[in-house]
file target08.cif (mmCIF, C-alpha atoms and all ligand atoms)
data_upload
loop_
_atom_site.label_atom_id
_atom_site.label_comp_id
_atom_site.auth_asym_id
_atom_site.auth_seq_id
_atom_site.Cartn_x
_atom_site.Cartn_y
_atom_site.Cartn_z
CA MET H 1 -16.45 -0.83 27.70
CA ASN H 2 -18.47 1.97 29.29
CA TRP H 3 -16.08 2.50 32.15
CA ILE H 4 -13.14 2.73 29.76
CA VAL H 5 -14.87 5.67 28.10
CA VAL H 6 -15.55 7.29 31.47
CA VAL H 7 -11.96 6.82 32.66
CA LEU H 8 -10.65 8.18 29.38
CA ALA H 9 -12.95 11.19 29.59
CA ILE H 10 -11.82 11.95 33.14
CA LEU H 11 -8.18 11.57 32.07
CA ILE H 12 -8.56 13.94 29.12
CA GLY H 13 -10.42 16.40 31.32
CA SER H 14 -7.77 16.36 34.04
CA VAL H 15 -4.89 16.70 31.59
CA SER H 16 -6.62 19.61 29.93
CA ILE H 17 -7.30 21.39 33.23
CA PHE H 18 -3.82 20.63 34.54
CA TYR H 19 -2.17 21.92 31.38
CA THR H 20 -4.13 25.16 31.28
CA ARG H 21 -3.44 25.68 34.98
CA GLY H 22 0.25 25.56 34.12
CA LEU H 23 -0.22 28.08 31.34
CA VAL H 24 -2.23 30.37 33.59
CA GLN H 25 0.43 30.19 36.27
CA GLU H 26 3.18 31.03 33.80
CA LEU H 27 1.24 33.90 32.33
CA ARG H 28 0.45 35.23 35.79
CA GLU H 29 4.17 35.22 36.67
CA ARG H 30 4.99 37.07 33.48
CA GLU H 31 2.34 39.66 34.14
CA GLU H 32 3.76 40.14 37.61
CA ILE H 33 7.24 40.70 36.22
CA LEU H 34 5.89 43.25 33.78
CA ILE H 35 3.90 45.15 36.35
CA ASN H 36 6.90 45.28 38.65
CA LEU H 37 9.01 46.53 35.82
CA PHE H 38 6.43 49.18 35.17
CA ALA H 39 6.35 50.21 38.82
CA LYS H 40 10.13 50.33 39.02
CA THR H 41 10.22 52.54 35.95
CA LEU H 42 7.70 54.91 37.47
CA GLU H 43 9.79 55.03 40.58
CA ASN H 44 12.93 55.91 38.67
CA THR H 45 11.25 58.68 36.72
CA SER H 46 11.94 61.27 39.37
CA ASN H 47 15.67 60.60 39.52
CA SER H 48 17.02 59.35 36.24
CA PRO H 49 17.23 61.77 33.36
CA ASN H 50 16.36 59.01 30.89
CA ALA H 51 13.53 57.70 32.95
CA ALA H 52 10.82 59.43 30.96
CA GLU H 53 11.90 57.54 27.90
CA VAL H 54 11.91 54.20 29.72
CA THR H 55 8.49 54.89 31.20
CA PHE H 56 7.22 55.62 27.77
CA GLU H 57 8.55 52.34 26.47
CA VAL H 58 7.04 50.36 29.29
CA ARG H 59 3.69 52.10 29.09
CA GLU H 60 3.33 52.10 25.38
CA ILE H 61 5.04 48.87 24.36
CA LEU H 62 5.12 46.35 27.20
CA LEU H 63 1.76 46.89 28.85
CA PRO H 64 -0.41 47.18 25.74
CA ASN H 65 0.91 43.85 24.54
CA ASN H 66 -0.36 42.11 27.62
CA LEU H 67 -3.25 44.44 28.37
CA ILE H 68 -2.74 44.42 32.12
CA PRO H 69 -5.08 47.08 33.53
CA VAL H 70 -3.19 49.42 35.89
CA ILE H 71 -4.13 52.54 37.85
CA TRP H 72 -1.75 54.48 40.03
CA THR H 73 -2.43 57.02 42.75
CA ASP H 74 -0.44 59.11 45.17
CA ASP H 75 -0.42 58.30 48.86
CA GLU H 76 -3.54 60.38 49.45
CA GLY H 77 -5.45 58.43 46.88
CA THR H 78 -5.43 61.05 44.16
CA LEU H 79 -5.51 59.46 40.74
CA MET H 80 -2.23 59.87 38.91
CA GLY H 81 -2.76 57.78 35.80
CA PHE H 82 -4.11 54.59 34.32
CA LYS H 83 -3.55 52.22 31.45
CA ASN H 84 -5.61 49.47 29.76
CA VAL H 85 -8.73 50.42 31.69
CA GLU H 86 -11.66 50.94 29.41
CA ILE H 87 -13.12 54.40 29.75
CA ASP H 88 -16.18 55.78 28.00
CA PRO H 89 -15.10 59.05 26.33
CA ALA H 90 -18.60 60.45 26.92
CA TRP H 91 -18.16 60.32 30.70
CA SER H 92 -17.65 63.48 32.73
CA ASP H 93 -14.54 63.74 34.93
CA THR H 94 -16.49 62.82 38.07
CA GLU H 95 -18.06 59.82 36.40
CA ARG H 96 -14.70 58.67 35.18
CA ASN H 97 -13.07 59.10 38.58
CA GLU H 98 -15.86 57.25 40.29
CA PHE H 99 -15.44 54.41 37.87
CA LEU H 100 -11.68 54.33 38.40
CA ARG H 101 -12.14 54.24 42.18
CA ALA H 102 -14.47 51.29 41.92
CA GLU H 103 -11.93 49.68 39.66
CA ILE H 104 -9.19 50.29 42.25
CA GLU H 105 -11.28 48.53 44.89
CA GLU H 106 -11.63 45.56 42.61
CA MET H 107 -7.92 45.51 41.88
CA ARG H 108 -7.08 45.77 45.56
CA ALA H 109 -9.13 42.64 46.15
CA ASP H 110 -7.12 40.84 43.45
CA ASN H 111 -3.57 41.93 44.23
CA ASP H 112 -1.79 44.07 46.79
CA PRO H 113 -0.73 47.36 45.19
CA ILE H 114 2.93 47.93 44.47
CA THR H 115 4.37 50.80 46.46
CA ILE H 116 6.66 53.23 44.68
CA THR H 117 8.96 55.34 46.81
CA PHE H 118 10.19 58.73 45.61
CA ARG H 119 13.35 60.17 47.10
CA ASP H 120 15.13 63.49 46.78
CA GLU H 121 18.81 63.82 45.83
CA ASP H 122 19.87 63.05 49.39
CA GLY H 123 17.93 59.84 49.42
CA GLU H 124 15.21 61.23 51.73
CA ILE H 125 11.75 59.84 51.08
CA ILE H 126 9.52 62.59 49.76
CA ASP H 127 6.54 60.78 48.34
CA TYR H 128 4.74 57.43 47.91
CA GLN H 129 2.64 56.22 45.05
CA TYR H 130 0.61 53.07 44.66
CA VAL H 131 0.24 51.00 41.53
CA TYR H 132 -2.96 48.96 41.43
CA TYR H 133 -3.37 46.26 38.82
CA LYS H 134 -5.39 43.22 37.96
CA ASN H 135 -4.76 40.31 35.67
CA SER H 136 -5.36 40.73 31.97
CA ASP H 137 -8.58 39.59 30.32
CA LEU H 138 -6.54 37.06 28.43
CA LEU H 139 -5.50 35.38 31.67
CA LYS H 140 -9.05 35.36 32.99
CA LYS H 141 -10.36 33.83 29.81
CA LEU H 142 -7.64 31.23 29.87
CA GLU H 143 -8.58 30.30 33.44
CA TYR H 144 -12.16 29.50 32.41
CA TYR H 145 -11.27 28.00 29.09
CA PRO H 146 -10.86 24.34 30.12
CA TYR H 147 -14.20 24.37 31.94
CA VAL H 148 -15.98 25.81 28.93
CA GLN H 149 -14.25 23.31 26.72
CA LEU H 150 -15.07 20.38 28.99
CA SER H 151 -18.72 21.40 29.29
CA ILE H 152 -19.03 21.52 25.54
CA ILE H 153 -17.37 18.13 25.16
CA PHE H 154 -19.60 16.72 27.89
CA LEU H 155 -22.79 18.06 26.29
CA PHE H 156 -21.72 16.76 22.92
CA GLY H 157 -20.98 13.33 24.41
CA LEU H 158 -24.35 13.28 26.12
CA PHE H 159 -26.07 14.20 22.90
CA VAL H 160 -24.29 11.45 20.95
CA PHE H 161 -25.05 8.92 23.66
CA VAL H 162 -28.77 9.77 23.78
CA ALA H 163 -29.09 9.82 20.00
CA PHE H 164 -27.26 6.52 19.69
CA THR H 165 -29.27 4.76 22.39
CA TYR H 166 -32.48 6.08 20.95
CA SER H 167 -31.73 4.96 17.42
CA LYS H 168 -30.58 1.55 18.64
CA ALA H 169 -33.73 1.11 20.70
CA SER H 170 -35.99 2.15 17.87
CA GLU H 171 -34.20 -0.23 15.50
CA GLN H 172 -34.69 -3.09 17.96
CA ASN H 173 -38.32 -2.15 18.24
CA ARG H 174 -38.79 -2.36 14.50
CA VAL H 175 -37.19 -5.82 14.39
CA TRP H 176 -39.36 -7.15 17.21
CA VAL H 177 -42.55 -5.70 15.90
CA GLY H 178 -41.85 -6.67 12.32
CA LEU H 179 -40.91 -10.24 13.16
CA ALA H 180 -43.94 -10.70 15.38
CA LYS H 181 -46.31 -9.30 12.78
CA GLU H 182 -44.85 -11.49 10.08
CA THR H 183 -45.10 -14.60 12.26
CA ALA H 184 -48.73 -13.92 13.13
CA HIS H 185 -49.47 -13.26 9.51
CA GLN H 186 -47.81 -16.46 8.30
CA LEU H 187 -49.49 -18.62 10.93
CA GLY H 188 -52.89 -17.22 10.05
CA THR H 189 -53.31 -19.08 6.75
CA PRO H 190 -52.62 -22.66 7.87
CA ILE H 191 -54.67 -22.13 11.02
CA SER H 192 -57.79 -21.05 9.18
CA SER H 193 -57.37 -23.98 6.89
CA LEU H 194 -57.00 -26.33 9.89
CA ILE H 195 -60.15 -24.89 11.42
CA ALA H 196 -61.99 -25.66 8.21
CA TRP H 197 -60.63 -29.20 8.23
CA ILE H 198 -61.80 -29.74 11.81
CA GLU H 199 -65.30 -28.67 10.87
CA TYR H 200 -65.19 -31.10 8.00
CA LEU H 201 -64.03 -33.96 10.27
CA LYS H 202 -66.69 -33.17 12.86
CA SER H 203 -69.36 -33.57 10.21
CA ASP H 204 -67.98 -36.96 9.22
CA GLU H 205 -69.75 -39.79 11.04
CA LYS H 206 -66.53 -41.78 11.34
CA PHE H 207 -65.03 -39.11 13.61
CA GLN H 208 -68.10 -38.28 15.64
CA ASN H 209 -67.20 -38.27 19.36
CA SER H 210 -63.67 -39.23 18.49
CA GLU H 211 -60.76 -38.29 20.73
CA ILE H 212 -58.67 -37.32 17.74
CA VAL H 213 -60.92 -34.45 16.83
CA ASP H 214 -60.93 -33.17 20.42
CA GLU H 215 -57.15 -33.26 20.62
CA LEU H 216 -56.82 -31.59 17.26
CA GLN H 217 -59.25 -28.94 18.37
CA LYS H 218 -57.10 -28.23 21.45
CA ASP H 219 -53.94 -27.96 19.40
CA ILE H 220 -55.59 -25.56 17.03
CA GLU H 221 -56.77 -23.44 19.92
CA ARG H 222 -53.21 -23.39 21.19
CA LEU H 223 -51.90 -22.34 17.77
CA ASP H 224 -54.53 -19.67 17.66
CA MET H 225 -53.42 -18.41 21.05
CA ILE H 226 -49.81 -18.22 19.87
CA THR H 227 -50.85 -16.30 16.78
CA ASN H 228 -52.83 -13.97 18.95
CA ARG H 229 -49.78 -13.30 21.11
CA PHE H 230 -47.60 -12.50 18.14
CA SER H 231 -50.16 -10.23 16.60
CA ASN H 232 -50.46 -8.37 19.92
CA ILE H 233 -46.68 -7.93 20.07
CA GLY H 234 -46.77 -6.64 16.52
CA SER H 235 -49.38 -3.97 17.16
CA VAL H 236 -50.31 -1.49 19.85
CA PRO H 237 -51.99 -3.89 22.28
CA VAL H 238 -55.26 -2.99 23.91
CA LEU H 239 -55.10 -2.90 27.71
CA THR H 240 -58.16 -3.79 29.75
CA HIS H 241 -58.86 -3.82 33.48
CA GLU H 242 -58.50 -7.42 34.52
CA ASP H 243 -58.73 -9.36 37.71
CA ILE H 244 -55.06 -10.28 38.13
CA PRO H 245 -55.39 -13.22 40.55
CA ALA H 246 -58.08 -14.78 38.38
CA THR H 247 -56.03 -14.30 35.22
CA ILE H 248 -52.93 -15.82 36.78
CA SER H 249 -54.88 -18.71 38.29
CA SER H 250 -56.34 -19.66 34.96
CA THR H 251 -52.91 -19.52 33.30
CA VAL H 252 -51.52 -21.69 36.10
CA GLU H 253 -54.37 -24.19 35.70
CA TYR H 254 -53.59 -24.37 32.03
CA LEU H 255 -49.83 -24.85 32.64
CA LYS H 256 -50.31 -27.48 35.34
CA LYS H 257 -51.67 -29.89 32.77
CA ARG H 258 -48.63 -29.49 30.61
CA ILE H 259 -45.78 -29.80 33.07
CA SER H 260 -44.44 -32.29 35.56
CA LYS H 261 -46.83 -33.28 38.32
CA LYS H 262 -43.98 -32.83 40.79
CA VAL H 263 -44.24 -29.07 40.60
CA GLU H 264 -46.55 -27.60 43.20
CA PHE H 265 -48.24 -24.28 42.42
CA ASN H 266 -49.58 -21.84 44.99
CA VAL H 267 -51.35 -18.64 44.05
CA HIS H 268 -51.97 -16.17 46.91
CA ALA H 269 -53.73 -12.88 46.55
CA LYS H 270 -54.34 -10.30 49.20
CA PRO H 271 -56.76 -8.66 48.87
CA TYR H 272 -58.48 -10.80 46.34
CA ASN H 273 -59.87 -9.22 43.19
CA LEU H 274 -56.89 -6.94 42.55
CA ARG H 275 -57.27 -5.30 39.18
CA ALA H 276 -54.73 -3.84 36.83
CA ARG H 277 -54.57 -2.84 33.19
CA ILE H 278 -53.16 -5.66 31.10
CA ASN H 279 -53.32 -7.18 27.69
CA LYS H 280 -54.46 -10.67 28.55
CA PRO H 281 -52.77 -12.71 25.80
CA LEU H 282 -49.45 -10.96 26.43
CA PHE H 283 -49.68 -11.13 30.21
CA ASP H 284 -50.46 -14.85 29.99
CA TRP H 285 -47.31 -15.17 27.94
CA VAL H 286 -45.32 -13.44 30.67
CA ILE H 287 -46.59 -15.78 33.38
CA GLU H 288 -46.03 -18.77 31.17
CA ASN H 289 -42.43 -17.79 30.42
CA LEU H 290 -41.64 -17.12 34.06
CA CYS H 291 -43.20 -20.41 35.14
CA LYS H 292 -41.33 -22.33 32.45
CA ASN H 293 -38.03 -20.83 33.59
CA ALA H 294 -38.94 -21.67 37.18
CA VAL H 295 -39.72 -25.27 36.27
CA ASP H 296 -36.44 -25.53 34.33
CA SER H 297 -34.45 -24.16 37.24
CA MET H 298 -35.96 -26.75 39.59
CA GLY H 299 -35.36 -29.62 37.21
CA GLY H 300 -39.08 -30.34 37.27
CA ILE H 301 -39.39 -30.86 41.03
CA GLY H 302 -40.28 -28.12 43.47
CA LYS H 303 -42.65 -25.34 44.36
CA ILE H 304 -43.76 -22.19 42.56
CA ASP H 305 -45.35 -19.51 44.72
CA ILE H 306 -47.18 -16.61 43.16
CA ASN H 307 -48.00 -13.78 45.52
CA ILE H 308 -50.22 -10.96 44.36
CA LYS H 309 -50.53 -7.84 46.47
CA LYS H 310 -51.25 -4.18 46.42
CA GLY H 311 -48.37 -1.76 45.84
CA LEU H 312 -48.17 2.03 46.00
CA ASP H 313 -50.91 4.05 44.28
CA ASP H 314 -53.12 0.99 43.87
CA ASN H 315 -50.53 -0.61 41.63
CA VAL H 316 -50.35 -4.37 41.68
CA ILE H 317 -47.28 -6.37 42.61
CA VAL H 318 -46.81 -9.94 41.47
CA ASP H 319 -44.02 -11.96 43.08
CA LEU H 320 -43.17 -15.26 41.47
CA SER H 321 -40.83 -17.49 43.48
CA ASP H 322 -39.36 -20.86 42.73
CA THR H 323 -37.24 -23.29 44.70
CA GLY H 324 -34.77 -23.75 41.87
CA LYS H 325 -31.04 -23.41 41.46
CA GLY H 326 -30.94 -19.63 41.59
CA ILE H 327 -29.04 -17.07 39.53
CA PRO H 328 -25.43 -16.16 40.41
CA LYS H 329 -25.07 -12.52 41.51
CA SER H 330 -22.72 -11.78 38.63
CA ARG H 331 -25.38 -12.88 36.16
CA LEU H 332 -28.31 -10.92 37.53
CA ARG H 333 -27.78 -8.13 35.04
CA ASP H 334 -27.66 -10.52 32.09
CA VAL H 335 -30.82 -12.54 32.48
CA PHE H 336 -32.98 -10.02 30.62
CA ALA H 337 -30.47 -9.56 27.80
CA PRO H 338 -31.37 -11.17 24.49
CA GLY H 339 -29.41 -14.32 23.81
CA TYR H 340 -28.35 -14.95 27.40
CA THR H 341 -29.08 -18.56 28.24
CA THR H 342 -27.55 -21.34 30.29
CA LYS H 343 -29.69 -24.02 28.66
CA LYS H 344 -28.73 -26.39 25.90
CA ARG H 345 -31.89 -25.74 23.98
CA GLY H 346 -32.59 -22.24 25.16
CA TRP H 347 -32.83 -19.18 22.96
CA GLY H 348 -32.32 -16.73 25.76
CA LEU H 349 -35.32 -14.79 24.54
CA GLY H 350 -37.91 -15.71 27.17
CA LEU H 351 -37.02 -13.04 29.72
CA THR H 352 -36.24 -10.47 27.02
CA LEU H 353 -39.75 -10.88 25.76
CA VAL H 354 -41.16 -10.78 29.29
CA LYS H 355 -39.34 -7.51 29.99
CA ARG H 356 -40.48 -5.99 26.71
CA ILE H 357 -44.06 -6.94 27.37
CA ILE H 358 -44.02 -5.53 30.89
CA ASP H 359 -41.96 -2.39 30.15
CA ASN H 360 -43.16 -1.33 26.72
CA TYR H 361 -46.68 -2.66 26.54
CA HIS H 362 -47.79 -2.33 30.15
CA ASP H 363 -45.66 0.58 31.31
CA GLY H 364 -44.72 -1.61 34.25
CA LYS H 365 -41.49 -2.98 35.62
CA ILE H 366 -39.93 -6.38 36.21
CA ILE H 367 -36.94 -7.12 38.41
CA VAL H 368 -35.21 -10.06 40.00
CA LEU H 369 -36.25 -9.37 43.58
CA SER H 370 -33.93 -11.94 45.09
CA SER H 371 -32.03 -15.03 44.11
CA GLU H 372 -29.97 -17.45 46.11
CA ILE H 373 -27.94 -20.29 44.70
CA ASP H 374 -29.71 -23.64 45.24
CA LYS H 375 -32.49 -21.93 47.24
CA GLY H 376 -34.53 -20.21 44.57
CA THR H 377 -35.37 -17.03 42.75
CA THR H 378 -38.12 -14.44 43.02
CA PHE H 379 -39.15 -12.24 40.13
CA ARG H 380 -41.27 -9.18 40.89
CA ILE H 381 -43.64 -7.51 38.45
CA PHE H 382 -45.12 -4.04 39.00
CA LEU H 383 -48.37 -3.40 37.15
CA LYS H 384 -50.21 -0.11 36.79
CA ALA H 385 -53.70 0.03 38.16
N1 LIG H 401 -36.24 -18.82 37.71
C1 LIG H 401 -34.96 -18.91 37.33
N2 LIG H 401 -34.04 -19.51 38.12
C2 LIG H 401 -32.76 -19.61 37.74
N3 LIG H 401 -32.27 -19.11 36.59
C3 LIG H 401 -33.12 -18.50 35.76
C4 LIG H 401 -34.51 -18.35 36.09
N4 LIG H 401 -35.09 -17.66 35.08
C5 LIG H 401 -34.14 -17.42 34.17
N5 LIG H 401 -32.95 -17.90 34.57
C6 LIG H 401 -31.67 -17.80 33.85
O1 LIG H 401 -31.79 -16.80 32.87
C7 LIG H 401 -31.50 -17.32 31.58
C8 LIG H 401 -32.31 -16.61 30.54
O2 LIG H 401 -33.68 -16.94 30.63
P1 LIG H 401 -34.59 -16.79 29.37
O3 LIG H 401 -35.98 -17.23 29.72
O4 LIG H 401 -34.42 -15.42 28.83
O5 LIG H 401 -33.94 -17.77 28.34
P2 LIG H 401 -33.98 -19.34 28.35
O6 LIG H 401 -35.01 -19.84 29.29
O7 LIG H 401 -32.58 -19.82 28.58
O8 LIG H 401 -34.38 -19.66 26.86
P3 LIG H 401 -35.82 -19.40 26.21
O9 LIG H 401 -35.58 -18.39 25.16
O10 LIG H 401 -36.19 -20.72 25.65
O11 LIG H 401 -36.74 -18.95 27.28
C9 LIG H 401 -31.77 -18.80 31.71
O12 LIG H 401 -31.01 -19.53 30.78
C10 LIG H 401 -31.35 -19.08 33.14
O13 LIG H 401 -29.96 -19.26 33.23
MG MG H 402 -37.01 -19.10 29.31
#
call {"tool": "encode", "arguments": {"input": "target08.cif", "output": "structure tokens", "more": "lines below"}}
Ligand SMILES: Nc1ncnc2c1ncn2[C@@H]1O[C@H](COP(=O)(O)OP(=O)(O)OP(=O)(O)O)[C@@H](O)[C@H]1O
Ligand SMILES: [Mg+2]
result
Amino acid sequence: MNWIVVVLAILIGSVSIFYTRGLVQELREREEILINLFAKTLENTSNSPNAAEVTFEVREILLPNNLIPVIWTDDEGTLMGFKNVEIDPAWSDTERNEFLRAEIEEMRADNDPITITFRDEDGEIIDYQYVYYKNSDLLKKLEYYPYVQLSIIFLFGLFVFVAFTYSKASEQNRVWVGLAKETAHQLGTPISSLIAWIEYLKSDEKFQNSEIVDELQKDIERLDMITNRFSNIGSVPVLTHEDIPATISSTVEYLKKRISKKVEFNVHAKPYNLRARINKPLFDWVIENLCKNAVDSMGGIGKIDINIKKGLDDNVIVDLSDTGKGIPKSRLRDVFAPGYTTKKRGWGLGLTLVKRIIDNYHDGKIIVLSSEIDKGTTFRIFLKA
């Protein structure tokens, strides 16, 4: 879709420039014809008895219509006359002449002067004159016109694009934030009631030291954690300096209990103790989502390596690699898009959320560092120190 717009824009631009070029060329030819006509008339003045009349017509009717500036001189450079050159009436003669000379230089750079030859009755050359001219303002304006027009169209397009992207992004933001807030809010009530029930059960002798209560307690803690995540997404999350390897290790420990024993986890950190600013509940969510995707891609058997190291400016880099089925090159751009999934029961929201959390809430970056079909995938996270 985007490239169609670009191609169309280039096409319109080229047609417009091409068309005006044609117009300019045509106008230039016409101006040349006129100026030659003018020169010829001047030349004939000395011989033909009617010439004065013709000169008058050319000077007063043809040239003003096209506003071609002309100045003519004799062969010694003495000014003989001019037309369509703007002169300040307040100027003295010297000032005016100086201006006209400068003007002649400019015209000479534009076009070669037309030479007029004067002859006596016997056809002997008695005098030369030179007609200097430059193209009319109209022609000059027309030459620049397509560029002015294209710049305006380009700026307008840019403006529309920016405004549109911005409004789309801010609308998406509102949906995310609103939905997350609402979810956290709705979960809050049953959870507090469950907590109360647990306390009640604990006080009952029948359930003292019972496994049921312990398991219930764990589930409630999990629900509480989920609520906490949603409420963090729905507000401006607080970032704190955390030990990244320790945070990731504890998330991994937690996940290990919940997934297939055939997945081997390795967490490396060099140097240890790397700290970055994160919101812990949200960052845990990121690691959990990435690990879940990794486990899915390996069909529950394989290795997940998490490498934590120092990046530029004390930033922290987290590389998470799996030995799964990989992402096809053509799909690399899609994985972060909402709704993109290759799973039967997937929502295609996991990586969208991960990207939002890293980009918007941590001012960081997440990319697919590398991916090879049937070898594995590595995601890289950049975190600000
Ligand atoms: N580690 C990975 N290896 C291979 N493919 C992956 C990996 N991570 C993500 N993908 C691909 O990207 C898609 C999108 O992932 P995402 O986490 O956004 O959604 P999902 O896992 O399909 O669904 P859910 O919303 O439940 O997380 C996946 O369906 C999968 O095709
Ligand atoms: Mg997922």
call {"tool": "closest_residue", "arguments": {"input": "target08.cif", "among": "H:Lys343, H:Ile33, H:Phe99, H:Tyr145", "to": "Ile17 (chain H)", "atoms": "only C-alpha atoms"}}
result
H:Tyr145
call {"tool": "residues_near_ligand", "arguments": {"input": "target08.cif", "ligand": "ligand MG 402 (chain H)", "cutoff": "12 Å", "atoms": "only C-alpha atoms and all ligand atoms", "output": "PyMOL selection string"}}
result
chain H and resi 285-297+335-355
call {"tool": "atom_distance", "arguments": {"input": "target08.cif", "atom1": "CA of Asp219 (chain H)", "atom2": "CA of Arg277 (chain H)"}}
result
28.7 Å
call {"tool": "atom_distance", "arguments": {"input": "target08.cif", "atom1": "CA of Val24 (chain H)", "atom2": "CA of Val85 (chain H)"}}
result
21.2 Å
call {"tool": "atom_distance", "arguments": {"input": "target08.cif", "atom1": "CA of Thr378 (chain H)", "atom2": "atom C8 of ligand LIG 401 (chain H)"}}
result
13.9 Å
call {"tool": "residues_near_point", "arguments": {"input": "target08.cif", "point": "(-58.9, -34.0, 17.7)", "cutoff": "12 Å", "atoms": "all atoms listed in the file", "output": "list in words"}}
result
Leu194, Ile195, Trp197, Ile198, Glu199, Tyr200, Leu201, Lys202, Phe207, Gln208, Asn209, Ser210, Glu211, Ile212, Val213, Asp214, Glu215, Leu216, Gln217, Lys218, Asp219, Ile220 and Glu221 of chain H
call {"tool": "closest_residue", "arguments": {"input": "target08.cif", "among": "H:Ser16, H:Thr377, H:Asn360, H:Asn315", "to": "Ile327 (chain H)", "atoms": "only C-alpha atoms"}}
result
H:Thr377
call {"tool": "closest_residue", "arguments": {"input": "target08.cif", "among": "H:Leu155, H:Val162, H:Val148, H:Leu369", "to": "ligand LIG 401 (chain H)", "atoms": "all atoms listed in the file"}}
result
H:Leu369
call {"tool": "closest_residue", "arguments": {"input": "target08.cif", "among": "H:Leu320, H:Asn44, H:Leu67, H:Pro281", "to": "Asn266 (chain H)", "atoms": "all atoms listed in the file"}}
result
H:Leu320
call {"tool": "residues_around", "arguments": {"input": "target08.cif", "residues": "region 114-131 of chain H", "least_positions_apart": "6", "cutoff": "9 Å", "atoms": "only C-alpha atoms", "output": "short mmCIF file (atom, residue, chain, number, x, y, z; two decimals) with C-alpha atoms, keeping the file's coordinate frame"}}
result
data_model
loop_
_atom_site.label_atom_id
_atom_site.label_comp_id
_atom_site.auth_asym_id
_atom_site.auth_seq_id
_atom_site.Cartn_x
_atom_site.Cartn_y
_atom_site.Cartn_z
CA ILE H 35 3.90 45.15 36.35
CA ASN H 36 6.90 45.28 38.65
CA ALA H 39 6.35 50.21 38.82
CA LYS H 40 10.13 50.33 39.02
CA LEU H 42 7.70 54.91 37.47
CA GLU H 43 9.79 55.03 40.58
CA ASN H 44 12.93 55.91 38.67
CA THR H 45 11.25 58.68 36.72
CA SER H 46 11.94 61.27 39.37
CA ASN H 47 15.67 60.60 39.52
CA VAL H 70 -3.19 49.42 35.89
CA ILE H 71 -4.13 52.54 37.85
CA TRP H 72 -1.75 54.48 40.03
CA THR H 73 -2.43 57.02 42.75
CA ASP H 74 -0.44 59.11 45.17
CA ASP H 75 -0.42 58.30 48.86
CA GLU H 76 -3.54 60.38 49.45
CA GLY H 77 -5.45 58.43 46.88
CA MET H 80 -2.23 59.87 38.91
#
call {"tool": "closest_residue", "arguments": {"input": "target08.cif", "among": "H:Pro271, H:Gly326, H:Pro190, H:Gly302", "to": "ligand LIG 401 (chain H)", "atoms": "only C-alpha atoms and all ligand atoms"}}
result
H:Gly326
call {"tool": "closest_residue", "arguments": {"input": "target08.cif", "among": "H:Ile301, H:Phe382, H:Pro146, H:Ile306", "to": "Val15 (chain H)", "atoms": "all atoms listed in the file"}}
result
H:Pro146
call {"tool": "residues_around", "arguments": {"input": "target08.cif", "residues": "Glu105 (chain H)", "least_positions_apart": "6", "cutoff": "12 Å", "atoms": "only C-alpha atoms", "output": "number ranges by chain"}}
result
H: 71, 77, 98-99, 111-113, 132-134
call {"tool": "residues_near_point", "arguments": {"input": "target08.cif", "point": "(-60.2, -7.3, 38.9)", "cutoff": "7 Å", "atoms": "all atoms listed in the file", "output": "PyMOL selection string"}}
result
chain H and resi 241-244+273-276
call {"tool": "residues_around", "arguments": {"input": "target08.cif", "residues": "Ile68 (chain H)", "least_positions_apart": "4", "cutoff": "10 Å", "atoms": "all atoms listed in the file", "output": "PyMOL selection string"}}
result
chain H and resi 31-32+34-35+62-64+83-85+133-139
call {"tool": "write_last_selection", "arguments": {"input": "target08.cif", "atoms": "C-alpha atoms", "output": "PDB file, in the frame of the given file"}}
result
ATOM      1  CA  GLU H  31       2.340  39.660  34.140  1.00  0.00           C
ATOM      2  CA  GLU H  32       3.760  40.140  37.610  1.00  0.00           C
ATOM      3  CA  LEU H  34       5.890  43.250  33.780  1.00  0.00           C
ATOM      4  CA  ILE H  35       3.900  45.150  36.350  1.00  0.00           C
ATOM      5  CA  LEU H  62       5.120  46.350  27.200  1.00  0.00           C
ATOM      6  CA  LEU H  63       1.760  46.890  28.850  1.00  0.00           C
ATOM      7  CA  PRO H  64      -0.410  47.180  25.740  1.00  0.00           C
ATOM      8  CA  LYS H  83      -3.550  52.220  31.450  1.00  0.00           C
ATOM      9  CA  ASN H  84      -5.610  49.470  29.760  1.00  0.00           C
ATOM     10  CA  VAL H  85      -8.730  50.420  31.690  1.00  0.00           C
ATOM     11  CA  TYR H 133      -3.370  46.260  38.820  1.00  0.00           C
ATOM     12  CA  LYS H 134      -5.390  43.220  37.960  1.00  0.00           C
ATOM     13  CA  ASN H 135      -4.760  40.310  35.670  1.00  0.00           C
ATOM     14  CA  SER H 136      -5.360  40.730  31.970  1.00  0.00           C
ATOM     15  CA  ASP H 137      -8.580  39.590  30.320  1.00  0.00           C
ATOM     16  CA  LEU H 138      -6.540  37.060  28.430  1.00  0.00           C
ATOM     17  CA  LEU H 139      -5.500  35.380  31.670  1.00  0.00           C
TER      18      LEU H 139
END
